[in-house]
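Trainee: PDB, C-alpha atoms, pLDDT in the B column, file protein-v1.pdb:
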ATOM      1  CA  GLY A 166       9.739 -12.338  -4.188  1.00 36.00           C
ATOM      2  CA  GLU A 167      10.073 -12.695  -0.425  1.00 41.00           C
ATOM      3  CA  SER A 168       8.857 -16.172   0.249  1.00 47.00           C
ATOM      4  CA  VAL A 169       9.767 -19.473   1.725  1.00 56.00           C
ATOM      5  CA  GLY A 170       7.628 -22.066   0.021  1.00 51.00           C
ATOM      6  CA  LEU A 171       6.988 -25.744   0.046  1.00 43.00           C
ATOM      7  CA  HIS A 172       6.596 -28.114  -2.846  1.00 46.00           C
ATOM      8  CA  LEU A 173       3.746 -30.204  -1.440  1.00 53.00           C
ATOM      9  CA  PRO A 174       0.932 -29.070   0.824  1.00 86.00           C
ATOM     10  CA  THR A 175       0.108 -32.614   2.042  1.00 91.00           C
ATOM     11  CA  LEU A 176       2.012 -35.826   2.569  1.00 93.00           C
ATOM     12  CA  SER A 177       0.569 -39.167   3.573  1.00 95.00           C
ATOM     13  CA  VAL A 178       2.818 -42.035   4.689  1.00 95.00           C
ATOM     14  CA  GLN A 179       2.497 -45.402   6.321  1.00 96.00           C
ATOM     15  CA  GLU A 180       3.649 -45.863   9.887  1.00 97.00           C
ATOM     16  CA  GLY A 181       7.253 -46.993   9.909  1.00 96.00           C
ATOM     17  CA  ASP A 182       8.121 -45.425   6.561  1.00 96.00           C
ATOM     18  CA  ASN A 183      10.535 -42.540   6.196  1.00 96.00           C
ATOM     19  CA  SER A 184       9.082 -39.110   5.411  1.00 96.00           C
ATOM     20  CA  ILE A 185      10.703 -36.325   3.448  1.00 96.00           C
ATOM     21  CA  ILE A 186       9.294 -32.816   3.591  1.00 96.00           C
ATOM     22  CA  ASN A 187      10.710 -30.223   1.230  1.00 94.00           C
ATOM     23  CA  CYS A 188      11.071 -26.476   1.322  1.00 94.00           C
ATOM     24  CA  ALA A 189      12.347 -23.906  -1.177  1.00 92.00           C
ATOM     25  CA  TYR A 190      13.572 -20.523  -0.014  1.00 90.00           C
ATOM     26  CA  SER A 191      14.287 -17.413  -2.017  1.00 85.00           C
ATOM     27  CA  ASN A 192      16.720 -15.314   0.004  1.00 86.00           C
ATOM     28  CA  SER A 193      20.288 -16.452  -0.596  1.00 84.00           C
ATOM     29  CA  ALA A 194      21.471 -14.212   2.267  1.00 84.00           C
ATOM     30  CA  SER A 195      19.546 -16.187   4.900  1.00 87.00           C
ATOM     31  CA  ASP A 196      21.962 -17.744   7.373  1.00 87.00           C
ATOM     32  CA  TYR A 197      19.797 -19.840   9.638  1.00 91.00           C
ATOM     33  CA  PHE A 198      16.924 -22.243   9.034  1.00 94.00           C
ATOM     34  CA  ILE A 199      14.523 -24.002  11.347  1.00 94.00           C
ATOM     35  CA  TRP A 200      11.897 -26.710  11.039  1.00 96.00           C
ATOM     36  CA  TYR A 201       8.815 -26.433  13.216  1.00 96.00           C
ATOM     37  CA  LYS A 202       6.043 -28.912  13.939  1.00 96.00           C
ATOM     38  CA  GLN A 203       2.549 -27.668  14.668  1.00 95.00           C
ATOM     39  CA  GLU A 204      -0.059 -30.014  16.031  1.00 94.00           C
ATOM     40  CA  SER A 205      -3.713 -29.130  15.847  1.00 91.00           C
ATOM     41  CA  GLY A 206      -4.649 -26.421  18.328  1.00 89.00           C
ATOM     42  CA  LYS A 207      -1.079 -25.797  19.445  1.00 92.00           C
ATOM     43  CA  GLY A 208       1.706 -23.365  18.755  1.00 93.00           C
ATOM     44  CA  PRO A 209       4.673 -24.332  16.564  1.00 94.00           C
ATOM     45  CA  GLN A 210       7.283 -26.477  18.250  1.00 93.00           C
ATOM     46  CA  PHE A 211      10.988 -26.405  17.360  1.00 92.00           C
ATOM     47  CA  ILE A 212      12.273 -29.615  15.760  1.00 94.00           C
ATOM     48  CA  ILE A 213      15.730 -28.947  14.384  1.00 94.00           C
ATOM     49  CA  ASP A 214      17.783 -26.109  12.966  1.00 94.00           C
ATOM     50  CA  ILE A 215      20.730 -25.686  10.638  1.00 95.00           C
ATOM     51  CA  ARG A 216      23.098 -22.843   9.859  1.00 93.00           C
ATOM     52  CA  SER A 217      24.098 -21.903   6.360  1.00 92.00           C
ATOM     53  CA  ASN A 218      27.685 -23.109   6.875  1.00 94.00           C
ATOM     54  CA  MET A 219      26.385 -26.675   7.163  1.00 95.00           C
ATOM     55  CA  ASP A 220      24.659 -28.942   4.682  1.00 96.00           C
ATOM     56  CA  LYS A 221      23.359 -31.616   7.027  1.00 97.00           C
ATOM     57  CA  ARG A 222      22.370 -31.914  10.636  1.00 97.00           C
ATOM     58  CA  GLN A 223      20.916 -34.875  12.475  1.00 96.00           C
ATOM     59  CA  GLY A 224      18.703 -35.120  15.483  1.00 93.00           C
ATOM     60  CA  GLN A 225      16.713 -37.901  17.014  1.00 92.00           C
ATOM     61  CA  ARG A 226      14.921 -39.553  14.060  1.00 96.00           C
ATOM     62  CA  VAL A 227      15.144 -36.304  12.095  1.00 97.00           C
ATOM     63  CA  THR A 228      17.681 -34.998   9.615  1.00 98.00           C
ATOM     64  CA  VAL A 229      17.742 -31.620   7.937  1.00 98.00           C
ATOM     65  CA  LEU A 230      19.526 -31.144   4.628  1.00 97.00           C
ATOM     66  CA  LEU A 231      20.438 -27.767   3.197  1.00 97.00           C
ATOM     67  CA  ASN A 232      21.355 -27.215  -0.438  1.00 95.00           C
ATOM     68  CA  LYS A 233      22.369 -23.603  -0.819  1.00 93.00           C
ATOM     69  CA  THR A 234      23.082 -23.959  -4.519  1.00 93.00           C
ATOM     70  CA  VAL A 235      19.427 -24.499  -5.320  1.00 93.00           C
ATOM     71  CA  LYS A 236      18.083 -22.882  -2.114  1.00 93.00           C
ATOM     72  CA  HIS A 237      16.392 -26.034  -0.921  1.00 94.00           C
ATOM     73  CA  LEU A 238      15.800 -27.382   2.552  1.00 96.00           C
ATOM     74  CA  SER A 239      14.416 -30.767   3.502  1.00 97.00           C
ATOM     75  CA  LEU A 240      13.336 -32.541   6.663  1.00 97.00           C
ATOM     76  CA  GLN A 241      13.661 -36.290   6.834  1.00 98.00           C
ATOM     77  CA  ILE A 242      11.798 -38.211   9.520  1.00 98.00           C
ATOM     78  CA  ALA A 243      12.862 -41.799  10.033  1.00 97.00           C
ATOM     79  CA  ALA A 244      10.404 -44.519  11.008  1.00 97.00           C
ATOM     80  CA  THR A 245       7.466 -42.143  10.993  1.00 97.00           C
ATOM     81  CA  GLN A 246       5.010 -42.613  13.834  1.00 96.00           C
ATOM     82  CA  PRO A 247       1.354 -41.565  14.237  1.00 95.00           C
ATOM     83  CA  GLY A 248       2.519 -38.918  16.705  1.00 95.00           C
ATOM     84  CA  ASP A 249       4.428 -37.266  13.865  1.00 97.00           C
ATOM     85  CA  SER A 250       1.151 -36.303  12.197  1.00 97.00           C
ATOM     86  CA  ALA A 251       1.136 -32.509  12.133  1.00 96.00           C
ATOM     87  CA  VAL A 252       1.826 -29.534   9.911  1.00 96.00           C
ATOM     88  CA  TYR A 253       5.524 -28.892   9.349  1.00 97.00           C
ATOM     89  CA  PHE A 254       6.892 -25.448   8.588  1.00 96.00           C
ATOM     90  CA  CYS A 255      10.318 -24.412   7.467  1.00 95.00           C
ATOM     91  CA  ALA A 256      11.494 -20.952   8.469  1.00 94.00           C
ATOM     92  CA  GLU A 257      14.452 -18.821   7.491  1.00 93.00           C
ATOM     93  CA  ARG A 258      16.026 -15.970   9.402  1.00 88.00           C
ATOM     94  CA  ARG A 259      16.048 -12.574   7.731  1.00 81.00           C
ATOM     95  CA  VAL A 260      16.414  -8.945   8.697  1.00 74.00           C
ATOM     96  CA  ALA A 261      13.133  -7.412   9.864  1.00 66.00           C
ATOM     97  CA  GLN A 262      11.936  -3.819   9.652  1.00 65.00           C
ATOM     98  CA  GLY A 263      14.094  -1.744  11.941  1.00 69.00           C
ATOM     99  CA  GLY A 264      17.118  -3.973  11.456  1.00 70.00           C
ATOM    100  CA  SER A 265      16.325  -6.766  13.899  1.00 74.00           C
ATOM    101  CA  GLU A 266      16.067 -10.368  12.797  1.00 78.00           C
ATOM    102  CA  LYS A 267      12.854 -12.195  11.994  1.00 84.00           C
ATOM    103  CA  LEU A 268      11.778 -15.652  10.965  1.00 89.00           C
ATOM    104  CA  VAL A 269       9.928 -15.995   7.662  1.00 91.00           C
ATOM    105  CA  PHE A 270       7.794 -19.123   7.510  1.00 93.00           C
ATOM    106  CA  GLY A 271       6.982 -21.353   4.568  1.00 91.00           C
ATOM    107  CA  LYS A 272       3.454 -22.404   3.705  1.00 89.00           C
ATOM    108  CA  GLY A 273       3.511 -25.680   5.598  1.00 92.00           C
ATOM    109  CA  THR A 274       3.132 -29.363   4.758  1.00 94.00           C
ATOM    110  CA  LYS A 275       0.487 -31.440   6.474  1.00 95.00           C
ATOM    111  CA  LEU A 276       1.897 -34.862   7.285  1.00 96.00           C
ATOM    112  CA  THR A 277      -0.563 -37.687   7.896  1.00 96.00           C
ATOM    113  CA  VAL A 278       0.760 -40.982   9.202  1.00 96.00           C
ATOM    114  CA  ASN A 279      -1.490 -43.957   8.538  1.00 94.00           C
ATOM    115  CA  PRO A 280      -1.348 -46.869  10.967  1.00 89.00           C
TER     116      PRO A 280
ATOM    117  CA  SER B   8      13.544 -22.932  26.900  1.00 68.00           C
ATOM    118  CA  ALA B   9      10.844 -20.437  27.793  1.00 76.00           C
ATOM    119  CA  VAL B  10       7.305 -20.897  29.015  1.00 87.00           C
ATOM    120  CA  ILE B  11       4.908 -18.562  27.257  1.00 93.00           C
ATOM    121  CA  SER B  12       1.313 -18.088  28.367  1.00 94.00           C
ATOM    122  CA  GLN B  13      -1.280 -16.385  26.238  1.00 96.00           C
ATOM    123  CA  LYS B  14      -4.738 -15.166  27.176  1.00 97.00           C
ATOM    124  CA  PRO B  15      -7.362 -15.648  25.970  1.00 97.00           C
ATOM    125  CA  SER B  16      -6.744 -19.018  24.347  1.00 96.00           C
ATOM    126  CA  ARG B  17      -9.785 -18.458  22.171  1.00 96.00           C
ATOM    127  CA  ASP B  18     -12.603 -15.980  21.807  1.00 97.00           C
ATOM    128  CA  ILE B  19     -15.544 -15.198  19.605  1.00 97.00           C
ATOM    129  CA  CYS B  20     -15.895 -11.499  18.903  1.00 96.00           C
ATOM    130  CA  GLN B  21     -18.382  -9.223  17.238  1.00 97.00           C
ATOM    131  CA  ARG B  22     -17.499  -7.146  14.204  1.00 97.00           C
ATOM    132  CA  GLY B  23     -16.321  -3.654  15.112  1.00 97.00           C
ATOM    133  CA  THR B  24     -15.097  -4.519  18.590  1.00 97.00           C
ATOM    134  CA  SER B  25     -11.505  -4.735  19.807  1.00 97.00           C
ATOM    135  CA  LEU B  26      -9.760  -7.471  21.757  1.00 97.00           C
ATOM    136  CA  THR B  27      -6.506  -7.412  23.681  1.00 98.00           C
ATOM    137  CA  ILE B  28      -4.344 -10.523  23.822  1.00 98.00           C
ATOM    138  CA  GLN B  29      -1.886 -10.932  26.647  1.00 98.00           C
ATOM    139  CA  CYS B  30       1.467 -12.710  26.517  1.00 97.00           C
ATOM    140  CA  GLN B  31       3.390 -13.584  29.675  1.00 96.00           C
ATOM    141  CA  VAL B  32       6.889 -15.122  29.594  1.00 94.00           C
ATOM    142  CA  ASP B  33       8.530 -16.858  32.538  1.00 92.00           C
ATOM    143  CA  SER B  34      11.885 -15.119  31.970  1.00 90.00           C
ATOM    144  CA  GLN B  35      13.054 -11.681  30.951  1.00 91.00           C
ATOM    145  CA  VAL B  36      13.453 -11.236  27.215  1.00 89.00           C
ATOM    146  CA  THR B  37      14.457  -8.198  25.222  1.00 87.00           C
ATOM    147  CA  MET B  38      12.509  -8.996  22.083  1.00 88.00           C
ATOM    148  CA  MET B  39       9.028 -10.403  21.678  1.00 93.00           C
ATOM    149  CA  PHE B  40       7.333 -11.125  18.387  1.00 94.00           C
ATOM    150  CA  TRP B  41       3.679 -11.238  17.424  1.00 97.00           C
ATOM    151  CA  TYR B  42       2.631 -13.478  14.544  1.00 97.00           C
ATOM    152  CA  ARG B  43      -0.683 -14.046  12.827  1.00 97.00           C
ATOM    153  CA  GLN B  44      -1.761 -17.387  11.399  1.00 95.00           C
ATOM    154  CA  GLN B  45      -4.860 -17.192   9.252  1.00 93.00           C
ATOM    155  CA  PRO B  46      -6.955 -20.365   8.857  1.00 89.00           C
ATOM    156  CA  GLY B  47      -4.997 -23.056   7.050  1.00 87.00           C
ATOM    157  CA  GLN B  48      -2.121 -20.685   6.424  1.00 90.00           C
ATOM    158  CA  SER B  49       1.410 -20.122   7.569  1.00 93.00           C
ATOM    159  CA  LEU B  50       2.680 -17.650  10.151  1.00 95.00           C
ATOM    160  CA  THR B  51       3.185 -13.997   9.259  1.00 95.00           C
ATOM    161  CA  LEU B  52       5.094 -11.585  11.468  1.00 94.00           C
ATOM    162  CA  ILE B  53       2.998  -8.641  12.596  1.00 97.00           C
ATOM    163  CA  ALA B  54       5.528  -6.738  14.672  1.00 95.00           C
ATOM    164  CA  THR B  55       8.549  -6.885  16.923  1.00 92.00           C
ATOM    165  CA  ALA B  56       8.026  -5.543  20.441  1.00 92.00           C
ATOM    166  CA  ASN B  57      11.042  -4.293  22.382  1.00 85.00           C
ATOM    167  CA  GLN B  58      10.728  -3.107  25.958  1.00 83.00           C
ATOM    168  CA  GLY B  59      11.046   0.655  26.274  1.00 81.00           C
ATOM    169  CA  SER B  60      10.494   1.489  22.636  1.00 83.00           C
ATOM    170  CA  GLU B  61       7.750   1.561  20.035  1.00 88.00           C
ATOM    171  CA  ALA B  62       6.949  -1.715  18.347  1.00 93.00           C
ATOM    172  CA  THR B  63       8.274  -2.168  14.827  1.00 92.00           C
ATOM    173  CA  TYR B  64       5.614  -3.251  12.354  1.00 94.00           C
ATOM    174  CA  GLU B  65       6.065  -5.339   9.233  1.00 93.00           C
ATOM    175  CA  SER B  66       4.767  -4.277   5.854  1.00 93.00           C
ATOM    176  CA  GLY B  67       0.991  -4.544   5.755  1.00 95.00           C
ATOM    177  CA  PHE B  68       0.476  -4.066   9.493  1.00 97.00           C
ATOM    178  CA  VAL B  69      -0.119  -0.725  11.211  1.00 96.00           C
ATOM    179  CA  ILE B  70      -0.168   0.454  14.794  1.00 96.00           C
ATOM    180  CA  ASP B  71      -3.731   1.774  14.606  1.00 97.00           C
ATOM    181  CA  LYS B  72      -5.011  -1.700  13.780  1.00 98.00           C
ATOM    182  CA  PHE B  73      -2.629  -3.704  15.994  1.00 98.00           C
ATOM    183  CA  PRO B  74      -1.456  -1.549  18.893  1.00 97.00           C
ATOM    184  CA  ILE B  75       1.153  -3.291  21.033  1.00 97.00           C
ATOM    185  CA  SER B  76       2.283  -2.628  24.567  1.00 95.00           C
ATOM    186  CA  ARG B  77       5.501  -3.842  26.183  1.00 94.00           C
ATOM    187  CA  PRO B  78       5.519  -2.521  29.752  1.00 92.00           C
ATOM    188  CA  ASN B  79       8.303  -4.807  31.012  1.00 92.00           C
ATOM    189  CA  LEU B  80      10.642  -7.625  29.978  1.00 93.00           C
ATOM    190  CA  THR B  81       8.179 -10.439  30.657  1.00 94.00           C
ATOM    191  CA  PHE B  82       4.883  -9.138  29.294  1.00 95.00           C
ATOM    192  CA  SER B  83       3.305  -7.798  26.130  1.00 96.00           C
ATOM    193  CA  THR B  84      -0.159  -7.210  24.744  1.00 97.00           C
ATOM    194  CA  LEU B  85      -1.481  -7.115  21.209  1.00 98.00           C
ATOM    195  CA  THR B  86      -4.816  -5.451  20.502  1.00 98.00           C
ATOM    196  CA  VAL B  87      -6.795  -6.286  17.400  1.00 98.00           C
ATOM    197  CA  SER B  88      -8.864  -3.168  16.785  1.00 98.00           C
ATOM    198  CA  ASN B  89     -12.162  -2.670  14.998  1.00 97.00           C
ATOM    199  CA  MET B  90     -12.307  -6.323  14.080  1.00 97.00           C
ATOM    200  CA  SER B  91     -13.776  -7.736  10.921  1.00 97.00           C
ATOM    201  CA  PRO B  92     -14.245 -11.390   9.908  1.00 96.00           C
ATOM    202  CA  GLU B  93     -10.948 -11.153   7.998  1.00 96.00           C
ATOM    203  CA  ASP B  94      -9.200 -10.805  11.354  1.00 97.00           C
ATOM    204  CA  SER B  95     -10.266 -14.319  12.332  1.00 97.00           C
ATOM    205  CA  SER B  96      -6.896 -15.951  12.968  1.00 96.00           C
ATOM    206  CA  ILE B  97      -4.611 -17.447  15.513  1.00 97.00           C
ATOM    207  CA  TYR B  98      -2.385 -14.789  17.068  1.00 98.00           C
ATOM    208  CA  LEU B  99       0.893 -16.086  18.436  1.00 97.00           C
ATOM    209  CA  CYS B 100       3.414 -14.564  20.765  1.00 96.00           C
ATOM    210  CA  SER B 101       7.019 -15.727  20.492  1.00 94.00           C
ATOM    211  CA  VAL B 102      10.394 -15.052  22.058  1.00 92.00           C
ATOM    212  CA  PRO B 103      13.886 -15.953  20.871  1.00 85.00           C
ATOM    213  CA  PHE B 104      16.139 -18.403  22.637  1.00 75.00           C
ATOM    214  CA  ARG B 105      19.241 -16.441  23.546  1.00 64.00           C
ATOM    215  CA  ARG B 106      21.776 -19.030  22.591  1.00 65.00           C
ATOM    216  CA  THR B 107      20.665 -19.997  19.121  1.00 68.00           C
ATOM    217  CA  GLY B 108      17.984 -17.553  18.059  1.00 69.00           C
ATOM    218  CA  GLU B 109      15.217 -20.073  17.539  1.00 79.00           C
ATOM    219  CA  LEU B 110      11.779 -18.855  18.492  1.00 86.00           C
ATOM    220  CA  PHE B 111       9.605 -20.309  21.226  1.00 90.00           C
ATOM    221  CA  PHE B 112       5.898 -19.897  20.692  1.00 93.00           C
ATOM    222  CA  GLY B 113       2.921 -19.632  22.948  1.00 91.00           C
ATOM    223  CA  GLU B 114      -0.098 -21.821  22.268  1.00 93.00           C
ATOM    224  CA  GLY B 115      -1.784 -18.963  20.459  1.00 96.00           C
ATOM    225  CA  SER B 116      -5.037 -17.068  20.796  1.00 97.00           C
ATOM    226  CA  ARG B 117      -7.679 -18.241  18.359  1.00 96.00           C
ATOM    227  CA  LEU B 118     -10.028 -15.402  17.440  1.00 97.00           C
ATOM    228  CA  THR B 119     -13.238 -15.797  15.500  1.00 97.00           C
ATOM    229  CA  VAL B 120     -14.939 -12.596  14.370  1.00 97.00           C
ATOM    230  CA  LEU B 121     -18.601 -12.808  13.461  1.00 96.00           C
TER     231      LEU B 121
END
Kindly present the structure from the file in C-alpha cells form.

Mentor:
Amino acid sequence: GESVGLHLPTLSVQEGDNSIINCAYSNSASDYFIWYKQESGKGPQFIIDIRSNMDKRQGQRVTVLLNKTVKHLSLQIAATQPGDSAVYFCAERRVAQGGSEKLVFGKGTKLTVNP
Amino acid sequence: SAVISQKPSRDICQRGTSLTIQCQVDSQVTMMFWYRQQPGQSLTLIATANQGSEATYESGFVIDKFPISRPNLTFSTLTVSNMSPEDSSIYLCSVPFRRTGELFFGEGSRLTVL
C-alpha cells in the first residue's frame, strides 16, 4: 500500500552513543527523501535529504543511507546528545492529487537520549 | 529558508463549531501545503493550495470539511468545519524551498475539540 513506515517506534540511547533510525518505504518511483526532526510542541525541522541517485549523504553529525534495492532509508546520528531527543520522521516525495508533488511521511521514531 | 507564522498556535473548541487557521509566509510562494498530525501520529497531507486556483484535496479530505483560501502568494487559511473530537490534531502549514523541494513547516496550530 501507500506507506512510508518505520521499524521501531521508540529508541533509547546513552549520551555519546551513535543512533540509527530506520525507515522502510514502499514506492520504488520516489526520487527524493528527507529526514525531519520534531521536538515537542514544534513543527518538523529539516535535518538532511538524499536523492535517489545517491546511496549516502553526510551532514554535521548525521548521515543518511539509502538502499533502493530493499527500499530502506536510515538516519545515523553520531555522538548523540540530549538535544537530539525528539521524534524523527522520514518522508518521501511522490506525486499528489492534481499532479503536483507531495511529501509522504513515515510513522516516526521517538528518540530519547539518556544522560 | 522561509519564516512561517500560524495563528492560532492552540485553541480549545466546542463540538459543532468551526475554526479558521491562518498561515503567513515571509516570502512569495506558489504552493502551500496543509498537513494534519493527529495525537502521537505522523503527518498526513490534507490539501495543496495554489494561489488563483481551487485547492487540491488528498483522498479522505473534502472541501466542505476543510475549506481553504489562498488570496495571495504569502497567505492561506484552513477552516476546520463542524468540528468533532476526532478533529483534535495539530494542523501544519508548509511551503517548499525552491531550490531543493524540501518543505518548511510552521509551528502548527494545536486544536482540541471538546

Trainee: So which residues get picked by the PyMOL selection byres ((chain B and resi 12) around 9) here, written as a VMD selection string?

Mentor: chain B and resid 10 to 11 13 to 14 29 to 33 100 113 to 115

Trainee: Using only C-alpha atoms for the distances, tell me which of B:Ser116, B:Asn57, B:Ser16, B:Gln45 is nearest to Val102 (chain B).

Mentor: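 When distances to Val102 (chain B) are compared using only C-alpha atoms, the smallest one comes from B:Asn57.
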
Trainee: Counting only C-alpha atoms, which residues from chain B have an atom at most 12 Å from any atom of chain A, and could you show them as an MDAnalysis selection string?

Mentor: chainID B and resid 8:13 16:17 37:57 60:68 96:104 107:117

Trainee: Write to file, as a PDB file, in the coordinates of the input, the residues of the selection just made, with C-alpha atoms.

Mentor:
ATOM      1  CA  SER B   8      13.544 -22.932  26.900  1.00 68.00           C
ATOM      2  CA  ALA B   9      10.844 -20.437  27.793  1.00 76.00           C
ATOM      3  CA  VAL B  10       7.305 -20.897  29.015  1.00 87.00           C
ATOM      4  CA  ILE B  11       4.908 -18.562  27.257  1.00 93.00           C
ATOM      5  CA  SER B  12       1.313 -18.088  28.367  1.00 94.00           C
ATOM      6  CA  GLN B  13      -1.280 -16.385  26.238  1.00 96.00           C
ATOM      7  CA  SER B  16      -6.744 -19.018  24.347  1.00 96.00           C
ATOM      8  CA  ARG B  17      -9.785 -18.458  22.171  1.00 96.00           C
ATOM      9  CA  THR B  37      14.457  -8.198  25.222  1.00 87.00           C
ATOM     10  CA  MET B  38      12.509  -8.996  22.083  1.00 88.00           C
ATOM     11  CA  MET B  39       9.028 -10.403  21.678  1.00 93.00           C
ATOM     12  CA  PHE B  40       7.333 -11.125  18.387  1.00 94.00           C
ATOM     13  CA  TRP B  41       3.679 -11.238  17.424  1.00 97.00           C
ATOM     14  CA  TYR B  42       2.631 -13.478  14.544  1.00 97.00           C
ATOM     15  CA  ARG B  43      -0.683 -14.046  12.827  1.00 97.00           C
ATOM     16  CA  GLN B  44      -1.761 -17.387  11.399  1.00 95.00           C
ATOM     17  CA  GLN B  45      -4.860 -17.192   9.252  1.00 93.00           C
ATOM     18  CA  PRO B  46      -6.955 -20.365   8.857  1.00 89.00           C
ATOM     19  CA  GLY B  47      -4.997 -23.056   7.050  1.00 87.00           C
ATOM     20  CA  GLN B  48      -2.121 -20.685   6.424  1.00 90.00           C
ATOM     21  CA  SER B  49       1.410 -20.122   7.569  1.00 93.00           C
ATOM     22  CA  LEU B  50       2.680 -17.650  10.151  1.00 95.00           C
ATOM     23  CA  THR B  51       3.185 -13.997   9.259  1.00 95.00           C
ATOM     24  CA  LEU B  52       5.094 -11.585  11.468  1.00 94.00           C
ATOM     25  CA  ILE B  53       2.998  -8.641  12.596  1.00 97.00           C
ATOM     26  CA  ALA B  54       5.528  -6.738  14.672  1.00 95.00           C
ATOM     27  CA  THR B  55       8.549  -6.885  16.923  1.00 92.00           C
ATOM     28  CA  ALA B  56       8.026  -5.543  20.441  1.00 92.00           C
ATOM     29  CA  ASN B  57      11.042  -4.293  22.382  1.00 85.00           C
ATOM     30  CA  SER B  60      10.494   1.489  22.636  1.00 83.00           C
ATOM     31  CA  GLU B  61       7.750   1.561  20.035  1.00 88.00           C
ATOM     32  CA  ALA B  62       6.949  -1.715  18.347  1.00 93.00           C
ATOM     33  CA  THR B  63       8.274  -2.168  14.827  1.00 92.00           C
ATOM     34  CA  TYR B  64       5.614  -3.251  12.354  1.00 94.00           C
ATOM     35  CA  GLU B  65       6.065  -5.339   9.233  1.00 93.00           C
ATOM     36  CA  SER B  66       4.767  -4.277   5.854  1.00 93.00           C
ATOM     37  CA  GLY B  67       0.991  -4.544   5.755  1.00 95.00           C
ATOM     38  CA  PHE B  68       0.476  -4.066   9.493  1.00 97.00           C
ATOM     39  CA  SER B  96      -6.896 -15.951  12.968  1.00 96.00           C
ATOM     40  CA  ILE B  97      -4.611 -17.447  15.513  1.00 97.00           C
ATOM     41  CA  TYR B  98      -2.385 -14.789  17.068  1.00 98.00           C
ATOM     42  CA  LEU B  99       0.893 -16.086  18.436  1.00 97.00           C
ATOM     43  CA  CYS B 100       3.414 -14.564  20.765  1.00 96.00           C
ATOM     44  CA  SER B 101       7.019 -15.727  20.492  1.00 94.00           C
ATOM     45  CA  VAL B 102      10.394 -15.052  22.058  1.00 92.00           C
ATOM     46  CA  PRO B 103      13.886 -15.953  20.871  1.00 85.00           C
ATOM     47  CA  PHE B 104      16.139 -18.403  22.637  1.00 75.00           C
ATOM     48  CA  THR B 107      20.665 -19.997  19.121  1.00 68.00           C
ATOM     49  CA  GLY B 108      17.984 -17.553  18.059  1.00 69.00           C
ATOM     50  CA  GLU B 109      15.217 -20.073  17.539  1.00 79.00           C
ATOM     51  CA  LEU B 110      11.779 -18.855  18.492  1.00 86.00           C
ATOM     52  CA  PHE B 111       9.605 -20.309  21.226  1.00 90.00           C
ATOM     53  CA  PHE B 112       5.898 -19.897  20.692  1.00 93.00           C
ATOM     54  CA  GLY B 113       2.921 -19.632  22.948  1.00 91.00           C
ATOM     55  CA  GLU B 114      -0.098 -21.821  22.268  1.00 93.00           C
ATOM     56  CA  GLY B 115      -1.784 -18.963  20.459  1.00 96.00           C
ATOM     57  CA  SER B 116      -5.037 -17.068  20.796  1.00 97.00           C
ATOM     58  CA  ARG B 117      -7.679 -18.241  18.359  1.00 96.00           C
TER      59      ARG B 117
END

Trainee: Run the PyMOL selection byres ((chain B and resi 72-81) around 6) mentally over the shown coordinates, then write out the matched residues as a list in words, using the chain letters and numbers from the document.

Mentor: Gln31, Val32, Gln35, Val36, Gln58, Val69, Ile70, Asp71, Phe82, Ser83, Thr84, Leu85, Thr86, Val87 and Ser88 of chain B

Trainee: At a cut-off of 8 Å, using only C-alpha atoms, what residues contact Thr24 (chain B)? Leave out same-chain residues fewer than 2 positions from it and give the result as a list in words.

Mentor: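 So, after excluding close chain neighbours, the residues are Cys20, Gln21, Arg22, Leu26, Ser88, Asn89 and Met90 of chain B.
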
Trainee: Could you save those same residues with C-alpha atoms as a PDB file, keeping the file's coordinate frame?

Mentor:
ATOM      1  CA  CYS B  20     -15.895 -11.499  18.903  1.00 96.00           C
ATOM      2  CA  GLN B  21     -18.382  -9.223  17.238  1.00 97.00           C
ATOM      3  CA  ARG B  22     -17.499  -7.146  14.204  1.00 97.00           C
ATOM      4  CA  LEU B  26      -9.760  -7.471  21.757  1.00 97.00           C
ATOM      5  CA  SER B  88      -8.864  -3.168  16.785  1.00 98.00           C
ATOM      6  CA  ASN B  89     -12.162  -2.670  14.998  1.00 97.00           C
ATOM      7  CA  MET B  90     -12.307  -6.323  14.080  1.00 97.00           C
TER       8      MET B  90
END

Trainee: Considering all atoms listed in the file, state which residue in the set A:Arg222, A:Leu276, A:Glu204, A:Leu240 is at the smallest distance from Asn187 (chain A).

Mentor: A:Leu240

Trainee: List, as a PDB file with C-alpha atoms, in the coordinates of the input, every residue that the PyMOL selection byres ((chain A and resi 228) around 10) selects in the file provided.

Mentor:
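Okay, this is what ended up in selection_19.pdb:
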ATOM      1  CA  ILE A 185      10.703 -36.325   3.448  1.00 96.00           C
ATOM      2  CA  ILE A 212      12.273 -29.615  15.760  1.00 94.00           C
ATOM      3  CA  ILE A 213      15.730 -28.947  14.384  1.00 94.00           C
ATOM      4  CA  ASP A 214      17.783 -26.109  12.966  1.00 94.00           C
ATOM      5  CA  ILE A 215      20.730 -25.686  10.638  1.00 95.00           C
ATOM      6  CA  LYS A 221      23.359 -31.616   7.027  1.00 97.00           C
ATOM      7  CA  ARG A 222      22.370 -31.914  10.636  1.00 97.00           C
ATOM      8  CA  GLN A 223      20.916 -34.875  12.475  1.00 96.00           C
ATOM      9  CA  GLY A 224      18.703 -35.120  15.483  1.00 93.00           C
ATOM     10  CA  GLN A 225      16.713 -37.901  17.014  1.00 92.00           C
ATOM     11  CA  ARG A 226      14.921 -39.553  14.060  1.00 96.00           C
ATOM     12  CA  VAL A 227      15.144 -36.304  12.095  1.00 97.00           C
ATOM     13  CA  VAL A 229      17.742 -31.620   7.937  1.00 98.00           C
ATOM     14  CA  LEU A 230      19.526 -31.144   4.628  1.00 97.00           C
ATOM     15  CA  SER A 239      14.416 -30.767   3.502  1.00 97.00           C
ATOM     16  CA  LEU A 240      13.336 -32.541   6.663  1.00 97.00           C
ATOM     17  CA  GLN A 241      13.661 -36.290   6.834  1.00 98.00           C
ATOM     18  CA  ILE A 242      11.798 -38.211   9.520  1.00 98.00           C
ATOM     19  CA  ALA A 243      12.862 -41.799  10.033  1.00 97.00           C
TER      20      ALA A 243
END

Trainee: To one decimal place in Å, what is the distance between CA of Asn232 (chain A) and CA of Ser250 (chain A)?

Mentor: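 About the pair CA of Asn232 (chain A) and CA of Ser250 (chain A): they are 25.5 Å apart.
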
Trainee: Report the distance between CA of Leu121 (chain B) and CA of Lys275 (chain A) in Å, rounded to one decimal place.

Mentor: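 CA of Leu121 (chain B) sits 27.6 Å away from CA of Lys275 (chain A).
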